[in-house]
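As stored in coords_22.txt (compact mmCIF, C-alpha atoms):
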```txt
# COMPACT_ATOMS: atom_id res chain seq x y z
CA ASP A 19 115.73 92.08 115.50
CA ALA A 20 112.67 94.09 116.46
CA LYS A 21 109.50 92.01 116.36
CA THR A 22 105.99 93.05 115.45
CA THR A 23 102.63 91.87 116.75
CA GLN A 24 99.48 92.11 114.67
CA PRO A 25 95.98 90.71 115.11
CA PRO A 26 95.58 87.62 112.94
CA SER A 27 92.42 88.82 111.21
CA MET A 28 90.10 91.80 110.83
CA ASP A 29 86.91 92.59 108.97
CA CYS A 30 85.89 95.84 107.36
CA ALA A 31 82.82 96.99 105.46
CA GLU A 32 83.36 98.28 101.96
CA GLY A 33 83.68 102.07 101.87
CA ARG A 34 84.63 102.32 105.54
CA ALA A 35 88.08 103.02 106.92
CA ALA A 36 90.20 100.02 107.81
CA ASN A 37 92.50 100.60 110.76
CA LEU A 38 95.17 97.94 111.13
CA PRO A 39 97.20 98.06 114.34
CA CYS A 40 100.76 96.90 114.91
CA ASN A 41 102.85 96.70 118.06
CA HIS A 42 106.62 96.99 117.83
CA SER A 43 107.60 97.72 121.42
CA THR A 44 111.25 96.70 120.97
CA ILE A 45 111.88 98.99 118.00
CA SER A 46 115.10 100.96 118.19
CA GLY A 47 115.71 104.54 117.17
CA ASN A 48 116.99 103.94 113.64
CA GLU A 49 114.51 101.25 112.60
CA TYR A 50 111.76 102.11 110.14
CA VAL A 51 108.25 100.69 110.12
CA TYR A 52 107.17 99.33 106.75
CA TRP A 53 103.83 98.03 105.60
CA TYR A 54 103.36 95.56 102.78
CA ARG A 55 100.31 93.61 101.72
CA GLN A 56 99.92 90.34 99.89
CA ILE A 57 96.84 89.62 97.86
CA HIS A 58 96.13 85.93 97.42
CA SER A 59 98.63 84.17 95.13
CA GLN A 60 100.58 87.35 94.42
CA GLY A 61 103.86 88.78 95.68
CA PRO A 62 103.89 91.32 98.52
CA GLN A 63 103.17 94.90 97.53
CA TYR A 64 104.79 97.89 99.23
CA ILE A 65 102.30 100.29 100.84
CA ILE A 66 104.05 102.86 103.00
CA HIS A 67 106.83 103.37 105.52
CA GLY A 68 107.79 105.80 108.27
CA LEU A 69 110.26 106.50 111.05
CA LYS A 70 108.48 108.73 113.58
CA ASN A 71 106.28 111.17 111.67
CA ASN A 72 102.88 110.28 110.31
CA GLU A 73 102.93 109.55 106.59
CA THR A 74 100.32 109.56 103.85
CA ASN A 75 100.38 108.48 100.24
CA GLU A 76 97.83 107.56 97.61
CA MET A 77 97.26 104.15 99.14
CA ALA A 78 97.17 104.69 102.87
CA SER A 79 98.13 106.66 105.96
CA LEU A 80 100.55 105.56 108.64
CA ILE A 81 100.16 106.80 112.18
CA ILE A 82 103.11 106.13 114.51
CA THR A 83 102.79 106.76 118.24
CA GLU A 84 105.13 109.25 119.84
CA ASP A 85 107.03 106.52 121.68
CA ARG A 86 107.20 104.56 118.39
CA LYS A 87 106.07 101.38 120.10
CA SER A 88 103.03 100.98 117.91
CA SER A 89 101.56 102.14 114.64
CA THR A 90 98.31 102.00 112.69
CA LEU A 91 97.85 101.62 108.97
CA ILE A 92 94.71 103.35 107.73
CA LEU A 93 93.00 102.52 104.45
CA PRO A 94 90.56 105.44 104.28
CA HIS A 95 87.92 103.88 102.03
CA ALA A 96 88.37 100.13 101.86
CA THR A 97 87.31 98.30 98.71
CA LEU A 98 86.89 94.61 98.01
CA ARG A 99 90.27 94.66 96.26
CA ASP A 100 91.91 95.59 99.56
CA THR A 101 91.21 92.10 100.89
CA ALA A 102 94.72 90.79 101.60
CA VAL A 103 97.23 89.91 104.29
CA TYR A 104 98.85 93.06 105.65
CA TYR A 105 102.37 92.86 107.05
CA CYS A 106 103.85 95.33 109.49
CA ILE A 107 107.62 95.07 109.29
CA VAL A 108 110.43 96.70 111.19
CA ARG A 109 113.21 97.13 108.72
CA VAL A 110 116.64 96.29 110.05
CA TRP A 111 119.84 97.61 108.59
CA PHE A 112 122.62 95.04 108.76
CA SER A 113 126.24 96.07 109.08
CA GLY A 114 126.95 93.81 106.11
CA GLY A 115 125.40 96.56 104.04
CA TYR A 116 121.89 95.39 103.29
CA ASN A 117 118.34 95.62 104.57
CA LYS A 118 116.33 92.71 105.77
CA LEU A 119 112.55 92.62 105.73
CA ILE A 120 111.49 90.30 108.54
CA PHE A 121 107.95 89.25 107.78
CA GLY A 122 105.60 88.02 110.49
CA ALA A 123 102.24 86.34 110.10
CA GLY A 124 100.44 89.58 109.26
CA THR A 125 96.76 90.53 109.55
CA ARG A 126 94.30 88.97 107.18
CA LEU A 127 91.89 91.78 106.26
CA ALA A 128 88.57 90.80 104.78
CA VAL A 129 86.57 93.61 103.18
CA HIS A 130 82.93 92.71 102.73
CA PRO A 131 80.10 94.39 100.82
CA GLU B 20 102.33 94.98 87.58
CA THR B 21 105.45 95.73 89.60
CA GLY B 22 108.08 95.45 86.87
CA VAL B 23 109.35 92.16 88.27
CA THR B 24 108.44 89.02 86.36
CA GLN B 25 108.94 85.41 87.31
CA THR B 26 108.75 82.23 85.26
CA PRO B 27 107.35 79.71 85.48
CA ARG B 28 104.39 80.66 87.64
CA HIS B 29 103.78 77.05 88.60
CA LEU B 30 106.19 74.11 88.68
CA VAL B 31 105.83 70.47 89.65
CA MET B 32 109.02 68.45 89.93
CA GLY B 33 110.23 65.13 91.24
CA MET B 34 112.97 64.86 93.84
CA THR B 35 115.52 63.79 91.25
CA ASN B 36 114.77 66.55 88.76
CA LYS B 37 116.78 69.65 88.04
CA LYS B 38 114.90 72.83 87.27
CA SER B 39 115.49 76.55 87.32
CA LEU B 40 113.37 79.51 88.36
CA LYS B 41 113.85 82.75 86.51
CA CYS B 42 113.33 86.32 87.65
CA GLU B 43 113.66 89.45 85.54
CA GLN B 44 113.26 93.04 86.65
CA HIS B 45 112.57 95.90 84.26
CA LEU B 46 113.14 98.66 86.80
CA GLY B 47 116.85 99.33 86.39
CA HIS B 48 117.52 98.11 89.91
CA ASN B 49 120.86 96.88 91.18
CA ALA B 50 119.80 94.61 94.03
CA MET B 51 117.79 91.39 93.75
CA TYR B 52 116.49 88.92 96.32
CA TRP B 53 115.06 85.42 96.61
CA TYR B 54 112.45 84.70 99.29
CA LYS B 55 110.67 81.49 100.24
CA GLN B 56 107.09 81.40 101.53
CA SER B 57 105.98 78.05 102.88
CA ALA B 58 102.40 77.31 103.83
CA LYS B 59 101.54 78.83 107.19
CA LYS B 60 105.03 80.32 107.64
CA PRO B 61 106.29 83.86 107.14
CA LEU B 62 108.41 84.86 104.18
CA GLU B 63 112.03 83.91 104.61
CA LEU B 64 114.90 85.69 102.90
CA MET B 65 117.15 83.24 101.05
CA PHE B 66 119.67 85.21 98.97
CA VAL B 67 120.64 88.80 98.31
CA TYR B 68 122.54 90.03 95.27
CA ASN B 69 123.91 93.53 94.71
CA PHE B 70 125.50 94.42 91.38
CA LYS B 71 125.62 90.70 90.57
CA GLU B 72 127.54 89.88 93.74
CA GLN B 73 125.99 87.70 96.41
CA THR B 74 125.91 89.56 99.72
CA GLU B 75 123.73 87.20 101.75
CA ASN B 76 123.13 83.49 101.91
CA ASN B 77 120.68 82.94 104.71
CA SER B 78 121.79 79.41 105.60
CA VAL B 79 120.10 77.97 102.56
CA PRO B 80 120.79 74.30 101.70
CA SER B 81 123.10 73.71 98.75
CA ARG B 82 120.32 72.08 96.73
CA PHE B 83 119.30 75.69 96.02
CA SER B 84 121.87 77.43 93.85
CA PRO B 85 121.37 81.07 92.85
CA GLU B 86 122.85 82.75 89.81
CA CYS B 87 122.87 86.42 88.89
CA PRO B 88 124.40 86.92 85.44
CA ASN B 89 123.52 90.63 85.36
CA SER B 90 121.58 93.14 87.41
CA SER B 91 118.33 92.43 85.59
CA HIS B 92 118.23 88.65 85.86
CA LEU B 93 118.26 86.27 88.77
CA PHE B 94 117.97 82.50 88.66
CA LEU B 95 117.41 79.86 91.30
CA HIS B 96 118.67 76.46 90.23
CA LEU B 97 117.01 73.53 91.96
CA HIS B 98 118.28 69.98 92.26
CA THR B 99 117.41 66.96 94.40
CA LEU B 100 114.75 68.89 96.30
CA GLN B 101 112.65 67.48 99.10
CA PRO B 102 108.86 67.62 99.47
CA GLU B 103 109.29 70.16 102.28
CA ASP B 104 110.81 72.53 99.74
CA SER B 105 107.35 72.94 98.21
CA ALA B 106 106.54 76.63 98.61
CA LEU B 107 105.99 79.94 96.87
CA TYR B 108 109.35 81.34 95.75
CA LEU B 109 109.38 85.09 95.40
CA CYS B 110 111.87 87.35 93.71
CA ALA B 111 112.25 91.00 94.62
CA SER B 112 114.41 93.90 93.54
CA SER B 113 115.39 97.30 94.87
CA GLN B 114 117.36 100.21 93.46
CA ASP B 115 120.26 99.48 95.77
CA LEU B 116 120.88 98.04 99.21
CA GLY B 117 120.52 101.46 100.78
CA GLU B 118 118.75 101.86 104.05
CA LEU B 119 115.56 103.31 102.60
CA GLU B 120 115.26 101.22 99.47
CA THR B 121 111.85 99.75 98.80
CA GLN B 122 111.67 96.19 97.55
CA TYR B 123 109.37 95.32 94.66
CA PHE B 124 108.19 91.74 94.46
CA GLY B 125 107.33 89.52 91.52
CA PRO B 126 104.24 87.29 91.47
CA GLY B 127 106.17 84.22 92.60
CA THR B 128 106.65 80.67 91.39
CA ARG B 129 104.55 78.09 93.18
CA LEU B 130 106.67 74.95 93.43
CA LEU B 131 105.43 71.48 94.27
CA VAL B 132 108.01 68.75 94.90
CA LEU B 133 106.68 65.21 94.66
```
Entire entry expressed as structure tokens:
Amino acid sequence: DAKTTQPPSMDCAEGRAANLPCNHSTISGNEYVYWYRQIHSQGPQYIIHGLKNNETNEMASLIITEDRKSSTLILPHATLRDTAVYYCIVRVWFSGGYNKLIFGAGTRLAVHP
Amino acid sequence: ETGVTQTPRHLVMGMTNKKSLKCEQHLGHNAMYWYKQSAKKPLELMFVYNFKEQTENNSVPSRFSPECPNSSHLFLHLHTLQPEDSALYLCASSQDLGELETQYFGPGTRLLVL
């Protein structure tokens, strides 16, 4: 399984962009990068995913390097409610016919006033 | 609100008790999952169900027994648990098991085994 490496914690000022990096140097060609976040005492929440093109939705943008060995999740205008643990996940398709989300330790993002 | 509900939200049980966790999804999804999140450890996939059929048992001890009576409901029956089983148990669902399916998680049941 491809593994991901994320910094354990980051800080961001409210209203500024939060840029969360992720390394996935062993990713293979058919594996997608997914981002989820988990606010304290809640279940993980899907944010965005991508294969090799940059992606944007109402929550965030995902920038994937050309060699696909790393990516950055961008929250353009962080708010206090964005304080959470952010997980970068390489999604693996198993021949048994199902996906497996392999969660790591994630990055604990603290947004402060 | 993700459309996935779990009850109870908190549970305290003794090692000799039998209890059940319930998950319900209101999204019309066909696949459902149980995950375990222990303190200071990543989420671990426990079980996968697709159209009520179990497709994955991730080496989970038999004291955890899942049940999926229909595509909207998933149970986790617990018996003779150990204190190390104390954790946040999360349910998730997705439309299918397709390669691009997004999983939607419930709020979890926080279990404490005494």
Please identify all polymer residues within 10 Å of segment 77-87 of chain A, counting only C-alpha atoms, omitting same-chain residues fewer than 2 positions from it, and present them as an mmCIF file with C-alpha atoms, in the coordinates of the input.
```cif
data_model
loop_
_atom_site.group_PDB
_atom_site.id
_atom_site.type_symbol
_atom_site.label_atom_id
_atom_site.label_comp_id
_atom_site.auth_asym_id
_atom_site.auth_seq_id
_atom_site.Cartn_x
_atom_site.Cartn_y
_atom_site.Cartn_z
ATOM 1 C CA THR A 22 105.990 93.050 115.450
ATOM 2 C CA ALA A 36 90.200 100.020 107.810
ATOM 3 C CA ASN A 37 92.500 100.600 110.760
ATOM 4 C CA LEU A 38 95.170 97.940 111.130
ATOM 5 C CA PRO A 39 97.200 98.060 114.340
ATOM 6 C CA CYS A 40 100.760 96.900 114.910
ATOM 7 C CA ASN A 41 102.850 96.700 118.060
ATOM 8 C CA HIS A 42 106.620 96.990 117.830
ATOM 9 C CA SER A 43 107.600 97.720 121.420
ATOM 10 C CA THR A 44 111.250 96.700 120.970
ATOM 11 C CA ILE A 45 111.880 98.990 118.000
ATOM 12 C CA SER A 46 115.100 100.960 118.190
ATOM 13 C CA GLY A 47 115.710 104.540 117.170
ATOM 14 C CA GLU A 49 114.510 101.250 112.600
ATOM 15 C CA TYR A 50 111.760 102.110 110.140
ATOM 16 C CA VAL A 51 108.250 100.690 110.120
ATOM 17 C CA TYR A 52 107.170 99.330 106.750
ATOM 18 C CA TRP A 53 103.830 98.030 105.600
ATOM 19 C CA TYR A 64 104.790 97.890 99.230
ATOM 20 C CA ILE A 65 102.300 100.290 100.840
ATOM 21 C CA ILE A 66 104.050 102.860 103.000
ATOM 22 C CA HIS A 67 106.830 103.370 105.520
ATOM 23 C CA GLY A 68 107.790 105.800 108.270
ATOM 24 C CA LEU A 69 110.260 106.500 111.050
ATOM 25 C CA LYS A 70 108.480 108.730 113.580
ATOM 26 C CA ASN A 71 106.280 111.170 111.670
ATOM 27 C CA ASN A 72 102.880 110.280 110.310
ATOM 28 C CA GLU A 73 102.930 109.550 106.590
ATOM 29 C CA THR A 74 100.320 109.560 103.850
ATOM 30 C CA ASN A 75 100.380 108.480 100.240
ATOM 31 C CA SER A 89 101.560 102.140 114.640
ATOM 32 C CA THR A 90 98.310 102.000 112.690
ATOM 33 C CA LEU A 91 97.850 101.620 108.970
ATOM 34 C CA ILE A 92 94.710 103.350 107.730
ATOM 35 C CA LEU A 93 93.000 102.520 104.450
ATOM 36 C CA PRO A 94 90.560 105.440 104.280
ATOM 37 C CA HIS A 95 87.920 103.880 102.030
ATOM 38 C CA ALA A 96 88.370 100.130 101.860
#
```
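Every residue of chain A that lies within 6 Å of chain B is listed here, counting all atoms listed in the file: Gln60, Gly61, Pro62, Tyr116, Phe121, Gly122 and Ala123 of chain A.
Candidate residues B:Met34, B:Ala58, B:Leu46, B:Met51 were compared for distance to Leu97 of chain B, and the nearest is B:Met34, using only C-alpha atoms.
Note that atom CA of Ile57 of chain A and atom CA of Ser113 of chain B are 20.3 Å apart.
Closest approach to Pro131 of chain A among A:Ser59, A:Pro25, A:Leu98, A:Ser88 is made by A:Leu98 (distances from all atoms listed in the file).
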Write out as a PDB file with C-alpha atoms, in the coordinates of the input the residues lying within 8 Å of Thr26 of chain B, counting all atoms listed in the file and excluding same-chain residues fewer than 6 positions away.
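Below is the file that was written, out26.pdb:
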```pdb
ATOM      1  CA  LEU B  40     113.370  79.510  88.360  1.00  0.00           C
ATOM      2  CA  LYS B  41     113.850  82.750  86.510  1.00  0.00           C
ATOM      3  CA  CYS B  42     113.330  86.320  87.650  1.00  0.00           C
ATOM      4  CA  THR B 128     106.650  80.670  91.390  1.00  0.00           C
TER       5      THR B 128
END
```
- Message: When you look at Phe66 of chain B with a cut-off of 8 Å (counting only C-alpha atoms), what residues show up, excluding the ones that are within fewer than 6 positions of it in the same chain? I need them as a list in words.
- Response: Tyr52, Trp53, Tyr54, Gln73, Thr74, Glu75, Asn76, Asn77 and Pro85 of chain B
Within 10 Å of (108.8, 66.0, 95.0), in the coordinates the file gives, what residues turn up when you count all atoms listed in the file, written out as a PDB file with C-alpha atoms, in the coordinates of the input?
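What landed in selection.pdb:
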```
ATOM      1  CA  VAL B  31     105.830  70.470  89.650  1.00  0.00           C
ATOM      2  CA  MET B  32     109.020  68.450  89.930  1.00  0.00           C
ATOM      3  CA  GLY B  33     110.230  65.130  91.240  1.00  0.00           C
ATOM      4  CA  MET B  34     112.970  64.860  93.840  1.00  0.00           C
ATOM      5  CA  THR B  35     115.520  63.790  91.250  1.00  0.00           C
ATOM      6  CA  ASN B  36     114.770  66.550  88.760  1.00  0.00           C
ATOM      7  CA  THR B  99     117.410  66.960  94.400  1.00  0.00           C
ATOM      8  CA  LEU B 100     114.750  68.890  96.300  1.00  0.00           C
ATOM      9  CA  GLN B 101     112.650  67.480  99.100  1.00  0.00           C
ATOM     10  CA  PRO B 102     108.860  67.620  99.470  1.00  0.00           C
ATOM     11  CA  GLU B 103     109.290  70.160 102.280  1.00  0.00           C
ATOM     12  CA  ASP B 104     110.810  72.530  99.740  1.00  0.00           C
ATOM     13  CA  SER B 105     107.350  72.940  98.210  1.00  0.00           C
ATOM     14  CA  LEU B 130     106.670  74.950  93.430  1.00  0.00           C
ATOM     15  CA  LEU B 131     105.430  71.480  94.270  1.00  0.00           C
ATOM     16  CA  VAL B 132     108.010  68.750  94.900  1.00  0.00           C
ATOM     17  CA  LEU B 133     106.680  65.210  94.660  1.00  0.00           C
TER      18      LEU B 133
END
```
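For the pair atom CA of Arg99 of chain A and atom CA of His48 of chain B, the interatomic distance is 28.2 Å.
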Could I get segment 40-54 of chain A from the block written as a JSON list (two decimals), in the first residue's frame, with all heavy atoms?
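Contents of the output file out-v1.json:
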```json
[["chain", "number", "residue", "atom", "x", "y", "z"],
["A", 40, "CYS", "N", 1.57, 17.00, 1.75],
["A", 40, "CYS", "CA", 1.53, 15.54, 1.91],
["A", 40, "CYS", "C", 2.51, 14.91, 0.92],
["A", 40, "CYS", "O", 2.51, 15.26, -0.25],
["A", 40, "CYS", "CB", 0.11, 15.03, 1.66],
["A", 40, "CYS", "SG", -0.06, 13.22, 1.81],
["A", 41, "ASN", "N", 3.33, 14.01, 1.42],
["A", 41, "ASN", "CA", 4.21, 13.25, 0.56],
["A", 41, "ASN", "C", 3.68, 11.84, 0.37],
["A", 41, "ASN", "O", 3.27, 11.19, 1.34],
["A", 41, "ASN", "CB", 5.62, 13.18, 1.17],
["A", 41, "ASN", "CG", 6.36, 14.49, 1.05],
["A", 41, "ASN", "OD1", 6.22, 15.20, 0.07],
["A", 41, "ASN", "ND2", 7.12, 14.84, 2.06],
["A", 42, "HIS", "N", 3.67, 11.39, -0.87],
["A", 42, "HIS", "CA", 3.24, 10.03, -1.19],
["A", 42, "HIS", "C", 4.13, 9.52, -2.30],
["A", 42, "HIS", "O", 3.68, 9.26, -3.42],
["A", 42, "HIS", "CB", 1.75, 9.97, -1.56],
["A", 42, "HIS", "CG", 1.22, 11.20, -2.22],
["A", 42, "HIS", "ND1", 1.42, 11.51, -3.54],
["A", 42, "HIS", "CD2", 0.47, 12.22, -1.70],
["A", 42, "HIS", "CE1", 0.82, 12.64, -3.83],
["A", 42, "HIS", "NE2", 0.25, 13.10, -2.74],
["A", 43, "SER", "N", 5.40, 9.37, -1.98],
["A", 43, "SER", "CA", 6.41, 9.09, -3.01],
["A", 43, "SER", "C", 6.28, 7.70, -3.62],
["A", 43, "SER", "O", 6.83, 7.45, -4.69],
["A", 43, "SER", "CB", 7.81, 9.28, -2.42],
["A", 43, "SER", "OG", 7.99, 8.44, -1.30],
["A", 44, "THR", "N", 5.57, 6.79, -2.95],
["A", 44, "THR", "CA", 5.44, 5.43, -3.48],
["A", 44, "THR", "C", 4.11, 5.22, -4.19],
["A", 44, "THR", "O", 3.76, 4.08, -4.50],
["A", 44, "THR", "CB", 5.60, 4.40, -2.36],
["A", 44, "THR", "OG1", 4.58, 4.63, -1.38],
["A", 44, "THR", "CG2", 6.97, 4.50, -1.71],
["A", 45, "ILE", "N", 3.41, 6.29, -4.47],
["A", 45, "ILE", "CA", 2.10, 6.17, -5.12],
["A", 45, "ILE", "C", 2.25, 5.56, -6.50],
["A", 45, "ILE", "O", 3.22, 5.80, -7.21],
["A", 45, "ILE", "CB", 1.42, 7.55, -5.19],
["A", 45, "ILE", "CG1", -0.06, 7.41, -5.51],
["A", 45, "ILE", "CG2", 2.13, 8.47, -6.18],
["A", 45, "ILE", "CD1", -0.84, 8.72, -5.36],
["A", 46, "SER", "N", 1.31, 4.72, -6.89],
["A", 46, "SER", "CA", 1.37, 4.13, -8.22],
["A", 46, "SER", "C", 0.34, 4.81, -9.12],
["A", 46, "SER", "O", -0.50, 5.59, -8.67],
["A", 46, "SER", "CB", 1.12, 2.62, -8.14],
["A", 46, "SER", "OG", -0.16, 2.36, -7.62],
["A", 47, "GLY", "N", 0.43, 4.48, -10.41],
["A", 47, "GLY", "CA", -0.28, 5.25, -11.41],
["A", 47, "GLY", "C", -1.79, 5.28, -11.28],
["A", 47, "GLY", "O", -2.44, 6.25, -11.71],
["A", 48, "ASN", "N", -2.39, 4.27, -10.70],
["A", 48, "ASN", "CA", -3.85, 4.21, -10.63],
["A", 48, "ASN", "C", -4.39, 4.54, -9.24],
["A", 48, "ASN", "O", -5.57, 4.30, -8.96],
["A", 48, "ASN", "CB", -4.33, 2.82, -11.05],
["A", 48, "ASN", "CG", -3.80, 1.74, -10.13],
["A", 48, "ASN", "OD1", -2.88, 1.98, -9.36],
["A", 48, "ASN", "ND2", -4.38, 0.57, -10.19],
["A", 49, "GLU", "N", -3.55, 5.06, -8.37],
["A", 49, "GLU", "CA", -3.98, 5.38, -7.01],
["A", 49, "GLU", "C", -4.33, 6.86, -6.88],
["A", 49, "GLU", "O", -3.56, 7.73, -7.26],
["A", 49, "GLU", "CB", -2.90, 4.99, -6.00],
["A", 49, "GLU", "CG", -2.71, 3.48, -5.92],
["A", 49, "GLU", "CD", -1.57, 3.06, -5.02],
["A", 49, "GLU", "OE1", -0.64, 3.87, -4.82],
["A", 49, "GLU", "OE2", -1.61, 1.94, -4.49],
["A", 50, "TYR", "N", -5.50, 7.12, -6.32],
["A", 50, "TYR", "CA", -5.98, 8.47, -6.12],
["A", 50, "TYR", "C", -5.51, 9.01, -4.77],
["A", 50, "TYR", "O", -5.36, 8.26, -3.81],
["A", 50, "TYR", "CB", -7.51, 8.50, -6.16],
["A", 50, "TYR", "CG", -8.10, 8.39, -7.53],
["A", 50, "TYR", "CD1", -8.13, 7.17, -8.22],
["A", 50, "TYR", "CD2", -8.64, 9.51, -8.16],
["A", 50, "TYR", "CE1", -8.67, 7.08, -9.48],
["A", 50, "TYR", "CE2", -9.19, 9.43, -9.43],
["A", 50, "TYR", "CZ", -9.20, 8.20, -10.09],
["A", 50, "TYR", "OH", -9.74, 8.12, -11.34],
["A", 51, "VAL", "N", -5.38, 10.32, -4.70],
["A", 51, "VAL", "CA", -5.11, 11.00, -3.44],
["A", 51, "VAL", "C", -6.42, 11.58, -2.92],
["A", 51, "VAL", "O", -7.11, 12.31, -3.64],
["A", 51, "VAL", "CB", -4.09, 12.14, -3.62],
["A", 51, "VAL", "CG1", -3.85, 12.84, -2.28],
["A", 51, "VAL", "CG2", -2.79, 11.60, -4.19],
["A", 52, "TYR", "N", -6.76, 11.23, -1.71],
["A", 52, "TYR", "CA", -7.98, 11.73, -1.06],
["A", 52, "TYR", "C", -7.59, 12.54, 0.18],
["A", 52, "TYR", "O", -6.60, 12.25, 0.84],
["A", 52, "TYR", "CB", -8.87, 10.58, -0.60],
["A", 52, "TYR", "CG", -9.80, 10.05, -1.66],
["A", 52, "TYR", "CD1", -9.32, 9.31, -2.74],
["A", 52, "TYR", "CD2", -11.16, 10.29, -1.57],
["A", 52, "TYR", "CE1", -10.19, 8.84, -3.71],
["A", 52, "TYR", "CE2", -12.04, 9.82, -2.54],
["A", 52, "TYR", "CZ", -11.54, 9.09, -3.60],
["A", 52, "TYR", "OH", -12.40, 8.62, -4.56],
["A", 53, "TRP", "N", -8.40, 13.53, 0.46],
["A", 53, "TRP", "CA", -8.25, 14.28, 1.70],
["A", 53, "TRP", "C", -9.56, 14.22, 2.48],
["A", 53, "TRP", "O", -10.64, 14.46, 1.93],
["A", 53, "TRP", "CB", -7.88, 15.74, 1.43],
["A", 53, "TRP", "CG", -6.45, 15.93, 1.05],
["A", 53, "TRP", "CD1", -5.89, 15.77, -0.20],
["A", 53, "TRP", "CD2", -5.38, 16.34, 1.90],
["A", 53, "TRP", "NE1", -4.55, 16.05, -0.16],
["A", 53, "TRP", "CE2", -4.21, 16.39, 1.12],
["A", 53, "TRP", "CE3", -5.29, 16.64, 3.27],
["A", 53, "TRP", "CZ2", -2.97, 16.76, 1.65],
["A", 53, "TRP", "CZ3", -4.06, 17.01, 3.80],
["A", 53, "TRP", "CH2", -2.91, 17.06, 2.99],
["A", 54, "TYR", "N", -9.43, 13.89, 3.74],
["A", 54, "TYR", "CA", -10.53, 13.93, 4.70],
["A", 54, "TYR", "C", -10.09, 14.78, 5.88],
["A", 54, "TYR", "O", -8.90, 14.99, 6.10],
["A", 54, "TYR", "CB", -10.87, 12.53, 5.23],
["A", 54, "TYR", "CG", -11.73, 11.69, 4.34],
["A", 54, "TYR", "CD1", -11.21, 11.10, 3.19],
["A", 54, "TYR", "CD2", -13.06, 11.46, 4.65],
["A", 54, "TYR", "CE1", -12.01, 10.31, 2.37],
["A", 54, "TYR", "CE2", -13.87, 10.66, 3.84],
["A", 54, "TYR", "CZ", -13.33, 10.10, 2.71],
["A", 54, "TYR", "OH", -14.12, 9.31, 1.90]]
```
